[in-house]
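S.K.: Structure file final-v1.txt (compact mmCIF, C-alpha atoms and all ligand atoms) is given on the next line.
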# COMPACT_ATOMS: atom_id res chain seq x y z
CA MET U 1 0.00 0.00 0.00
CA THR U 2 1.21 3.48 -0.71
CA ILE U 3 0.65 6.65 1.24
CA SER U 4 -1.36 8.15 -1.59
CA SER U 5 -3.72 5.17 -1.69
CA SER U 6 -4.25 5.31 2.06
CA LEU U 7 -5.05 9.00 1.75
CA SER U 8 -7.52 8.53 -1.07
CA GLU U 9 -9.28 5.86 0.97
CA ALA U 10 -9.41 8.21 3.93
CA ARG U 11 -11.05 10.87 1.80
CA GLY U 12 -13.58 8.43 0.36
CA SER U 13 -16.90 7.67 1.97
CA GLY U 14 -15.83 4.89 4.35
CA PHE U 15 -12.40 5.18 5.96
CA GLY U 16 -10.49 2.05 5.00
CA ALA U 17 -13.56 0.47 3.42
CA ASP U 18 -11.42 -1.76 1.20
CA ALA U 19 -8.67 -2.43 3.78
CA LEU U 20 -8.46 -5.75 5.61
CA ILE U 21 -7.60 -3.97 8.86
CA ALA U 22 -8.89 -0.46 9.57
CA CYS U 23 -8.23 1.32 12.86
CA ASP U 24 -9.81 4.75 13.08
CA SER U 25 -8.85 6.99 16.04
CA VAL U 26 -8.48 4.00 18.34
CA VAL U 27 -8.14 4.93 22.00
CA ARG U 28 -7.42 2.49 24.82
CA VAL U 29 -7.31 3.80 28.35
CA PHE U 30 -6.31 1.58 31.28
CA ARG U 31 -7.39 2.60 34.75
CA SER U 32 -5.63 1.04 37.68
CA GLY U 33 -5.56 2.31 41.26
CA GLY U 34 -6.95 5.71 40.32
CA VAL U 35 -4.27 6.22 37.66
CA GLU U 36 -5.21 6.52 34.02
CA VAL U 37 -2.84 5.32 31.29
CA GLN U 38 -3.62 6.25 27.69
CA ALA U 39 -1.96 3.32 25.92
CA LEU U 40 -3.46 4.23 22.51
CA GLN U 41 -4.27 7.87 21.79
CA GLY U 42 -6.20 8.03 18.53
CA LEU U 43 -4.35 5.51 16.40
CA ASP U 44 -5.14 5.33 12.67
CA LEU U 45 -3.91 2.36 10.66
CA LEU U 46 -4.89 0.73 7.37
CA VAL U 47 -3.53 -2.65 6.30
CA GLN U 48 -4.36 -4.20 2.93
CA GLU U 49 -4.89 -7.92 2.39
CA LYS U 50 -1.58 -9.84 1.86
CA ASP U 51 0.45 -6.96 3.29
CA MET U 52 3.38 -7.73 5.58
CA LEU U 53 3.86 -4.90 8.00
CA ALA U 54 6.14 -4.21 10.96
CA ILE U 55 5.06 -1.84 13.73
CA VAL U 56 8.12 -0.52 15.53
CA GLY U 57 8.18 1.45 18.75
CA ALA U 58 9.86 1.83 22.12
CA SER U 59 8.73 -0.20 25.10
CA GLY U 60 5.45 1.22 26.45
CA SER U 61 4.42 2.84 23.15
CA GLY U 62 1.24 0.75 22.89
CA LYS U 63 2.28 -2.09 20.57
CA SER U 64 0.98 -5.00 22.66
CA THR U 65 -2.20 -3.05 23.42
CA LEU U 66 -2.83 -2.72 19.68
CA LEU U 67 -2.21 -6.43 19.06
CA GLY U 68 -4.50 -7.27 22.00
CA ILE U 69 -7.30 -5.37 20.27
CA LEU U 70 -6.59 -6.86 16.82
CA SER U 71 -6.51 -10.37 18.26
CA GLY U 72 -9.88 -9.97 20.00
CA LEU U 73 -8.45 -10.32 23.52
CA ASP U 74 -9.20 -6.67 24.34
CA ALA U 75 -11.41 -3.89 22.92
CA PRO U 76 -10.93 -0.15 22.30
CA THR U 77 -12.17 2.40 24.84
CA ALA U 78 -13.11 4.71 21.93
CA GLY U 79 -12.72 4.86 18.17
CA THR U 80 -13.46 2.08 15.71
CA ALA U 81 -11.51 -0.95 14.54
CA HIS U 82 -12.46 -3.51 11.91
CA LEU U 83 -10.66 -6.64 10.75
CA ALA U 84 -12.02 -8.72 7.86
CA GLY U 85 -15.47 -7.21 8.35
CA HIS U 86 -15.60 -7.88 12.10
CA ASP U 87 -16.27 -4.90 14.35
CA LEU U 88 -13.67 -5.20 17.10
CA THR U 89 -15.48 -2.80 19.41
CA THR U 90 -18.72 -4.77 19.69
CA MET U 91 -17.86 -8.39 18.85
CA ARG U 92 -18.73 -10.95 21.54
CA GLY U 93 -20.02 -14.48 22.17
CA ALA U 94 -19.88 -17.06 19.39
CA GLU U 95 -18.57 -14.55 16.82
CA LEU U 96 -15.62 -13.72 19.10
CA VAL U 97 -14.78 -17.41 19.61
CA ARG U 98 -14.87 -18.01 15.83
CA TYR U 99 -12.83 -14.86 15.23
CA ARG U 100 -10.06 -15.93 17.59
CA ARG U 101 -10.05 -19.45 16.21
CA SER U 102 -10.07 -18.79 12.47
CA THR U 103 -9.76 -15.11 11.55
CA VAL U 104 -6.57 -14.25 13.44
CA GLY U 105 -3.58 -16.23 14.69
CA LEU U 106 -1.30 -14.88 17.42
CA VAL U 107 2.39 -15.57 18.05
CA ARG U 108 3.78 -14.35 21.37
CA GLN U 109 7.34 -13.50 22.30
CA GLN U 110 7.97 -16.45 24.60
CA SER U 111 7.47 -19.75 22.80
CA SER U 112 6.58 -21.23 26.22
CA ARG U 113 3.33 -19.27 25.91
CA ASN U 114 2.71 -20.57 22.39
CA LEU U 115 3.58 -24.28 22.80
CA LEU U 116 2.69 -27.04 25.27
CA PRO U 117 5.94 -28.63 26.53
CA HIS U 118 4.69 -32.24 26.68
CA LEU U 119 3.41 -32.29 23.08
CA THR U 120 5.51 -32.81 19.94
CA ALA U 121 5.68 -30.12 17.24
CA ALA U 122 3.06 -31.98 15.16
CA GLU U 123 0.77 -32.43 18.19
CA ASN U 124 1.06 -28.74 19.09
CA VAL U 125 -0.01 -27.78 15.55
CA SER U 126 -2.84 -30.36 15.59
CA LEU U 127 -4.28 -29.17 18.91
CA PRO U 128 -6.16 -26.08 17.67
CA LEU U 129 -7.47 -28.19 14.77
CA ALA U 130 -8.74 -30.84 17.21
CA LEU U 131 -10.43 -28.11 19.28
CA ALA U 132 -12.12 -26.89 16.09
CA GLY U 133 -13.43 -30.44 15.45
CA ALA U 134 -11.12 -31.49 12.59
CA GLY U 135 -10.78 -35.26 11.99
CA ARG U 136 -7.57 -37.21 12.40
CA ARG U 137 -6.61 -37.28 8.72
CA GLU U 138 -7.26 -33.58 8.27
CA ARG U 139 -5.18 -32.77 11.35
CA SER U 140 -2.27 -34.85 10.17
CA ASN U 141 -2.39 -33.42 6.62
CA ARG U 142 -2.59 -29.84 7.79
CA SER U 143 0.11 -30.09 10.44
CA GLY U 144 2.39 -31.85 7.93
CA GLU U 145 1.78 -29.12 5.36
CA LEU U 146 2.47 -26.31 7.84
CA LEU U 147 5.61 -27.86 9.31
CA ARG U 148 6.95 -28.45 5.79
CA ALA U 149 6.20 -24.84 4.79
CA LEU U 150 8.19 -23.67 7.83
CA GLY U 151 11.13 -25.96 7.09
CA LEU U 152 10.39 -28.23 10.05
CA ALA U 153 9.35 -31.49 8.36
CA ASP U 154 12.14 -33.40 10.11
CA ARG U 155 11.33 -31.90 13.54
CA ALA U 156 7.65 -32.97 13.69
CA ASP U 157 8.19 -35.57 16.44
CA GLN U 158 10.34 -33.40 18.69
CA ARG U 159 9.10 -31.72 21.87
CA PRO U 160 9.78 -27.97 22.37
CA ALA U 161 12.73 -28.60 24.73
CA GLN U 162 14.46 -30.59 21.96
CA LEU U 163 14.16 -27.67 19.51
CA SER U 164 16.31 -24.54 19.11
CA GLY U 165 14.82 -21.11 19.92
CA GLY U 166 14.29 -20.35 16.22
CA GLU U 167 12.64 -23.74 15.63
CA GLN U 168 10.34 -23.19 18.61
CA GLN U 169 9.19 -19.87 17.16
CA ARG U 170 8.66 -21.45 13.74
CA VAL U 171 6.49 -24.15 15.35
CA SER U 172 4.63 -21.32 17.15
CA ILE U 173 3.97 -19.73 13.74
CA ALA U 174 2.65 -23.08 12.45
CA VAL U 175 0.33 -23.35 15.49
CA ALA U 176 -0.96 -19.81 14.86
CA LEU U 177 -1.62 -20.72 11.20
CA ALA U 178 -3.46 -23.97 11.97
CA GLY U 179 -6.91 -22.42 11.71
CA SER U 180 -6.03 -20.80 8.32
CA PRO U 181 -6.35 -17.24 9.68
CA ARG U 182 -6.65 -14.23 7.37
CA VAL U 183 -4.19 -12.35 9.60
CA LEU U 184 -1.16 -13.53 11.53
CA LEU U 185 -0.27 -11.25 14.46
CA ALA U 186 3.14 -11.55 16.09
CA ASP U 187 4.18 -9.73 19.28
CA GLU U 188 7.99 -9.42 19.44
CA PRO U 189 8.38 -12.89 17.85
CA THR U 190 12.17 -12.53 17.75
CA GLY U 191 12.59 -10.66 21.03
CA GLN U 192 14.53 -13.45 22.69
CA LEU U 193 16.56 -14.55 19.68
CA ASP U 194 20.01 -13.56 18.42
CA GLU U 195 20.31 -11.72 15.12
CA LYS U 196 20.94 -14.76 12.93
CA THR U 197 18.06 -16.73 14.42
CA SER U 198 15.86 -13.67 14.19
CA ASP U 199 16.64 -13.44 10.43
CA GLU U 200 15.65 -17.11 10.12
CA VAL U 201 12.26 -16.46 11.78
CA PHE U 202 11.67 -13.41 9.56
CA GLY U 203 12.51 -15.54 6.53
CA ALA U 204 9.85 -18.01 7.69
CA LEU U 205 7.29 -15.21 8.10
CA ARG U 206 8.03 -13.91 4.59
CA ALA U 207 7.62 -17.44 3.21
CA VAL U 208 4.23 -17.75 4.95
CA ASN U 209 3.21 -14.38 3.49
CA ASP U 210 4.24 -15.54 -0.02
CA THR U 211 2.98 -19.14 0.18
CA PHE U 212 -0.33 -18.72 1.98
CA GLY U 213 -1.02 -15.06 1.13
CA CYS U 214 -1.62 -14.54 4.83
CA THR U 215 -1.56 -10.89 5.96
CA ILE U 216 1.09 -10.41 8.65
CA VAL U 217 1.44 -7.74 11.33
CA ILE U 218 4.58 -7.93 13.49
CA VAL U 219 5.26 -5.60 16.40
CA THR U 220 8.75 -5.11 17.73
CA HIS U 221 10.92 -2.65 19.64
CA ASP U 222 13.88 -3.63 17.45
CA ALA U 223 14.14 -1.08 14.63
CA THR U 224 16.64 -3.25 12.71
CA VAL U 225 13.99 -5.86 11.88
CA ALA U 226 12.26 -3.13 9.95
CA SER U 227 14.70 -3.82 7.13
CA GLN U 228 13.09 -7.28 6.80
CA VAL U 229 9.73 -6.02 5.54
CA ARG U 230 8.42 -3.71 2.84
CA ARG U 231 6.37 -1.50 5.09
CA THR U 232 7.23 -0.28 8.59
CA VAL U 233 5.16 2.09 10.68
CA ALA U 234 6.53 3.73 13.79
CA ILE U 235 4.28 3.99 16.83
CA ARG U 236 4.95 6.72 19.40
CA ASP U 237 2.84 7.50 22.45
CA GLY U 238 -0.01 5.39 21.17
CA ARG U 239 -0.09 6.90 17.67
CA ILE U 240 1.45 6.11 14.31
CA SER U 241 4.10 8.80 13.80
CA SER U 242 5.89 7.89 10.56
CA GLU U 243 5.98 5.22 7.90
CA THR U 244 8.87 3.77 5.90
CA LEU U 245 8.37 2.05 2.56
CA ARG U 246 10.99 -0.05 0.86
CA ARG U 247 10.82 -0.95 -2.80
CA GLU U 248 13.03 -2.44 -5.45
CA GLN U 249 14.01 -0.06 -8.19
CA LEU U 250 15.86 -0.76 -11.40
CA ASP U 251 18.61 1.72 -12.24
CA ALA U 252 19.56 2.72 -15.80
CA SER U 253 21.68 -0.42 -16.28
CA GLY U 254 18.86 -2.66 -15.02
CA VAL U 255 20.40 -3.41 -11.63
CA ALA U 256 17.87 -3.71 -8.82
CA THR U 257 18.50 -1.67 -5.71
CA LEU U 258 16.37 -1.38 -2.62
CA SER U 259 15.22 2.15 -2.00
CA GLU U 260 13.88 3.24 1.33
CA GLU U 261 11.87 6.34 2.06
CA GLU U 262 10.42 7.60 5.31
CA PHE U 263 7.11 9.45 5.20
CA ALA U 264 5.36 11.55 7.81
CA VAL U 265 1.82 10.34 8.36
CA LEU U 266 -1.12 12.62 7.66
CA ASP U 267 -4.16 11.56 9.63
CA ARG U 268 -7.63 11.52 8.17
CA VAL U 269 -8.46 15.06 9.28
CA GLY U 270 -5.15 16.41 7.93
CA ARG U 271 -3.02 16.54 11.08
CA LEU U 272 0.71 16.13 10.62
CA GLN U 273 3.46 15.95 13.22
CA LEU U 274 6.60 17.98 12.45
CA PRO U 275 9.74 16.24 13.75
CA SER U 276 11.21 18.02 16.78
CA GLU U 277 14.55 18.59 15.03
CA TYR U 278 12.74 20.52 12.24
CA ARG U 279 10.83 22.59 14.80
CA GLU U 280 13.98 23.40 16.73
CA ALA U 281 16.09 24.21 13.65
CA LEU U 282 13.67 26.92 12.47
CA GLY U 283 12.16 27.90 15.81
CA LEU U 284 8.75 26.67 14.74
CA ASN U 285 6.31 26.75 17.58
CA GLU U 286 2.71 27.59 18.33
CA ARG U 287 1.96 29.39 15.03
CA VAL U 288 3.42 28.80 11.58
CA ARG U 289 2.57 30.24 8.17
CA LEU U 290 1.42 27.73 5.60
CA THR U 291 1.61 28.39 1.89
CA LEU U 292 0.23 26.24 -0.88
CA GLU U 293 2.70 25.95 -3.76
CA SER U 294 2.09 24.16 -7.04
CA ASP U 295 3.74 20.93 -5.86
CA HIS U 296 4.34 21.29 -2.13
CA VAL U 297 3.22 23.02 1.01
CA GLY U 298 5.55 25.52 2.69
CA VAL U 299 5.76 25.88 6.47
CA TRP U 300 7.29 29.15 7.74
CA PRO U 301 8.13 30.40 11.21
CA GLN U 302 6.06 33.27 12.55
CA HIS U 303 8.60 35.98 13.45
CA ASP U 304 8.09 38.22 16.47
CA HIS U 305 7.29 41.29 14.36
CA ASP U 306 4.68 39.35 12.37
CA GLU U 307 1.07 39.97 13.19
CA PRO U 308 -0.93 36.86 12.46
CA GLU U 309 -3.14 37.78 9.54
CA GLY U 310 -6.80 38.24 10.15
CA GLU U 311 -6.41 38.25 13.91
CA THR U 312 -7.92 41.12 15.86
CA ARG U 313 -7.33 42.06 19.44
P1 LIG B 1 4.47 -1.99 24.34
O1 LIG B 1 3.94 -3.33 23.95
O2 LIG B 1 4.71 -1.07 23.18
O3 LIG B 1 5.69 -2.08 25.21
P2 LIG B 1 2.02 -1.78 25.89
O4 LIG B 1 0.94 -1.78 24.87
O5 LIG B 1 2.26 -3.05 26.60
O6 LIG B 1 3.37 -1.23 25.22
O7 LIG B 1 1.71 -0.66 26.98
C1 LIG B 1 1.40 0.69 26.66
C2 LIG B 1 1.14 1.44 27.95
O8 LIG B 1 -0.05 0.95 28.56
C3 LIG B 1 2.24 1.28 29.00
O9 LIG B 1 2.35 2.50 29.69
C4 LIG B 1 1.70 0.19 29.90
O10 LIG B 1 2.21 0.33 31.22
C5 LIG B 1 0.21 0.45 29.88
N1 LIG B 1 -0.59 -0.80 30.06
C6 LIG B 1 -0.63 -1.84 29.21
N2 LIG B 1 -1.48 -2.78 29.66
C7 LIG B 1 -2.00 -2.31 30.84
C8 LIG B 1 -2.95 -2.81 31.80
N3 LIG B 1 -3.56 -3.99 31.61
N4 LIG B 1 -3.22 -2.04 32.86
C9 LIG B 1 -2.63 -0.83 33.04
N5 LIG B 1 -1.74 -0.30 32.17
C10 LIG B 1 -1.42 -1.03 31.08
MG MG B 2 4.73 -5.25 24.31
Is it possible to give me this structure as structure tokens?

M.R.:
Amino acid sequence: MTISSSLSEARGSGFGADALIACDSVVRVFRSGGVEVQALQGLDLLVQEKDMLAIVGASGSGKSTLLGILSGLDAPTAGTAHLAGHDLTTMRGAELVRYRRSTVGLVRQQSSRNLLPHLTAAENVSLPLALAGAGRRERSNRSGELLRALGLADRADQRPAQLSGGEQQRVSIAVALAGSPRVLLADEPTGQLDEKTSDEVFGALRAVNDTFGCTIVIVTHDATVASQVRRTVAIRDGRISSETLRREQLDASGVATLSEEEFAVLDRVGRLQLPSEYREALGLNERVRLTLESDHVGVWPQHDHDEPEGETR
């Protein structure tokens, strides 16, 4: 997805009407012991089907809160959020159970929270299928297919303790995919892995994205993993603050290079955050002059001797 397409959707009748995931001004407030924490503060996010997206942000920026809402474990305090036509603010009962079983799959950071230690890799993958009522043959076919796709065919009979950290996380991905979800959500899936193993898990996620066309949203505090995906959005204080897109470009001699460009994010009512280093460099604060040029918008400091136009005292 490009910035311009997300903007044209925002201007259309329904915000994100053709997106698989649409978060519109999502707010999540936690109250504990008389203290209020605004974990999400009006977050806007559109994700198209088959996209593979990383959400990067410091610890405490609201990443897990967002994944909790997308996975149906939690709900927004205000704003709206839809995933594959399900309204995440109102969904409950049987719809919620079905949603968590077959619309989304979740991978957590610690594989001990994704896998049962006394079951083999194949049994761990079969478990959600058994809970959904699948027969023995179907379970065995599906778990075999998933373990093969994740490069684990020869590890099917091993228990988690017999597997490396990277293998455990790949089995966790297979478990999350068992119910053929439209969206795979991963919360710091490589948080406890070294760089090489982390690359291996990202390779597996990209393969899943290519092979099954599954939409993938990964959250992480590690900005270097951003180089592993085409689209990265940065979350700050519970809001998306910037977005980086990577694409392959052919130069004049036909050699492909990867170009990377960071964009500021314009929200649906036109708000834009100016980076603090830009504000400081030009002394931009409180009031700025805006000018519309033929191909860009200019932002100018308001000098002390300037009287803001049109303002009366
Ligand atoms: P991240 O995953 O980016 O580290 P979180 O989404 O876990 O961030 O948390 C965002 C903010 O919300 C933090 O300040 C955190 O302390 C707070 N928070 C998260 N969950 C709860 C909760 N259940 N109760 C109270 N505060 C919470
Ligand atoms: Mg977290």

S.K.: Using all atoms listed in the file, which residues have at least one atom no more than 8 Å from ligand MG 2 (chain B)? Output them as a list in words.

M.R.: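 The distance check yields Ser59, Gly60, Gly62, Lys63, Ser64, Thr65, Asp187, Glu188, Val219 and Thr220 of chain U.
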
S.K.: Every residue with an atom at most 10 Å from (5.9, -26.7, 24.8) (file coordinates; all atoms listed in the file) is what I'm after, so could you write them as a PyMOL selection string?

M.R.: chain U and resi 111-121+124+159-163+168+171-172

S.K.: Hey, which residues sit close to ligand LIG 1 (chain B)? Say within 12 Å, counting all atoms listed in the file, and write them as a VMD selection string.

M.R.: chain U and resid 27 to 41 55 to 69 73 to 75 108 to 109 186 to 188 191 218 to 222 234 to 240

S.K.: For atom CA of Ala176 of chain U and atom CA of Gly105 of chain U, determine how far apart the two atoms are, in Å to one decimal place.

M.R.: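 Computed distance, atom CA of Ala176 of chain U to atom CA of Gly105 of chain U, equals 4.4 Å.
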
S.K.: Have a look at U:Glu195, U:Glu200, U:Glu248, U:Glu243 and name the one nearest to Gln169 of chain U; count all atoms listed in the file.

M.R.: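 So, comparing all the options, the nearest one is U:Glu200.
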
S.K.: Name the closest residue to Gln273 of chain U among the candidates U:Ser242, U:Asp295, U:Leu258, U:Arg139; distances are taken between atoms, counting only C-alpha atoms.

M.R.: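 Closest to Gln273 of chain U, using only C-alpha atoms: U:Ser242.
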
S.K.: For Gln110 of chain U, which residue out of U:Ala54, U:Ser259, U:Phe202, U:Pro189 is the nearest one, using only C-alpha atoms?

M.R.: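 Smallest separation from Gln110 of chain U among the options: U:Pro189.
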
S.K.: Show which residues sit within 12 Å of segment 275-278 of chain U, as a PDB file with C-alpha atoms, in the coordinates of the input. Count all atoms listed in the file, and ignore same-chain residues fewer than 3 positions away.

M.R.:
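Okay, result33.pdb is ready:
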ATOM      1  CA  SER U 241       4.100   8.800  13.800  1.00  0.00           C
ATOM      2  CA  SER U 242       5.890   7.890  10.560  1.00  0.00           C
ATOM      3  CA  PHE U 263       7.110   9.450   5.200  1.00  0.00           C
ATOM      4  CA  ALA U 264       5.360  11.550   7.810  1.00  0.00           C
ATOM      5  CA  VAL U 265       1.820  10.340   8.360  1.00  0.00           C
ATOM      6  CA  LEU U 272       0.710  16.130  10.620  1.00  0.00           C
ATOM      7  CA  ALA U 281      16.090  24.210  13.650  1.00  0.00           C
ATOM      8  CA  LEU U 282      13.670  26.920  12.470  1.00  0.00           C
ATOM      9  CA  GLY U 283      12.160  27.900  15.810  1.00  0.00           C
ATOM     10  CA  LEU U 284       8.750  26.670  14.740  1.00  0.00           C
ATOM     11  CA  ASN U 285       6.310  26.750  17.580  1.00  0.00           C
ATOM     12  CA  VAL U 299       5.760  25.880   6.470  1.00  0.00           C
ATOM     13  CA  TRP U 300       7.290  29.150   7.740  1.00  0.00           C
ATOM     14  CA  PRO U 301       8.130  30.400  11.210  1.00  0.00           C
TER      15      PRO U 301
END

S.K.: I'd like the interatomic distance between atom CA of Ala174 of chain U and atom CA of Thr90 of chain U, to a tenth of an Å.

M.R.: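 Between atom CA of Ala174 of chain U and atom CA of Thr90 of chain U the gap is 29.1 Å.
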
S.K.: Find the residues near Gly151 of chain U: any atom within 12 Å, counting all atoms listed in the file, skip ones fewer than 2 places away on the same chain, and give them as a PDB file with C-alpha atoms, in the coordinates of the input.

M.R.:
ATOM      1  CA  GLY U 144       2.390 -31.850   7.930  1.00  0.00           C
ATOM      2  CA  GLU U 145       1.780 -29.120   5.360  1.00  0.00           C
ATOM      3  CA  LEU U 146       2.470 -26.310   7.840  1.00  0.00           C
ATOM      4  CA  LEU U 147       5.610 -27.860   9.310  1.00  0.00           C
ATOM      5  CA  ARG U 148       6.950 -28.450   5.790  1.00  0.00           C
ATOM      6  CA  ALA U 149       6.200 -24.840   4.790  1.00  0.00           C
ATOM      7  CA  ALA U 153       9.350 -31.490   8.360  1.00  0.00           C
ATOM      8  CA  ASP U 154      12.140 -33.400  10.110  1.00  0.00           C
ATOM      9  CA  ARG U 155      11.330 -31.900  13.540  1.00  0.00           C
ATOM     10  CA  ALA U 156       7.650 -32.970  13.690  1.00  0.00           C
ATOM     11  CA  GLY U 166      14.290 -20.350  16.220  1.00  0.00           C
ATOM     12  CA  GLU U 167      12.640 -23.740  15.630  1.00  0.00           C
ATOM     13  CA  GLN U 168      10.340 -23.190  18.610  1.00  0.00           C
ATOM     14  CA  GLN U 169       9.190 -19.870  17.160  1.00  0.00           C
ATOM     15  CA  ARG U 170       8.660 -21.450  13.740  1.00  0.00           C
ATOM     16  CA  VAL U 171       6.490 -24.150  15.350  1.00  0.00           C
ATOM     17  CA  ILE U 173       3.970 -19.730  13.740  1.00  0.00           C
ATOM     18  CA  ALA U 174       2.650 -23.080  12.450  1.00  0.00           C
ATOM     19  CA  GLU U 200      15.650 -17.110  10.120  1.00  0.00           C
ATOM     20  CA  VAL U 201      12.260 -16.460  11.780  1.00  0.00           C
ATOM     21  CA  GLY U 203      12.510 -15.540   6.530  1.00  0.00           C
ATOM     22  CA  ALA U 204       9.850 -18.010   7.690  1.00  0.00           C
ATOM     23  CA  LEU U 205       7.290 -15.210   8.100  1.00  0.00           C
ATOM     24  CA  ALA U 207       7.620 -17.440   3.210  1.00  0.00           C
ATOM     25  CA  VAL U 208       4.230 -17.750   4.950  1.00  0.00           C
TER      26      VAL U 208
END

S.K.: Figure out the distance between atom CA of Arg206 of chain U and atom CA of Asp251 of chain U, please, to one decimal in Å.

M.R.: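 Interatomic distance here is 25.3 Å.
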
S.K.: From the set U:Asp267, U:Ser143, U:Leu150, U:Ser126, which residue has the shortest atom-to-atom contact distance to Cys23 of chain U, counting all atoms listed in the file?

M.R.: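 Nearest candidate to Cys23 of chain U out of U:Asp267, U:Ser143, U:Leu150, U:Ser126: U:Asp267.
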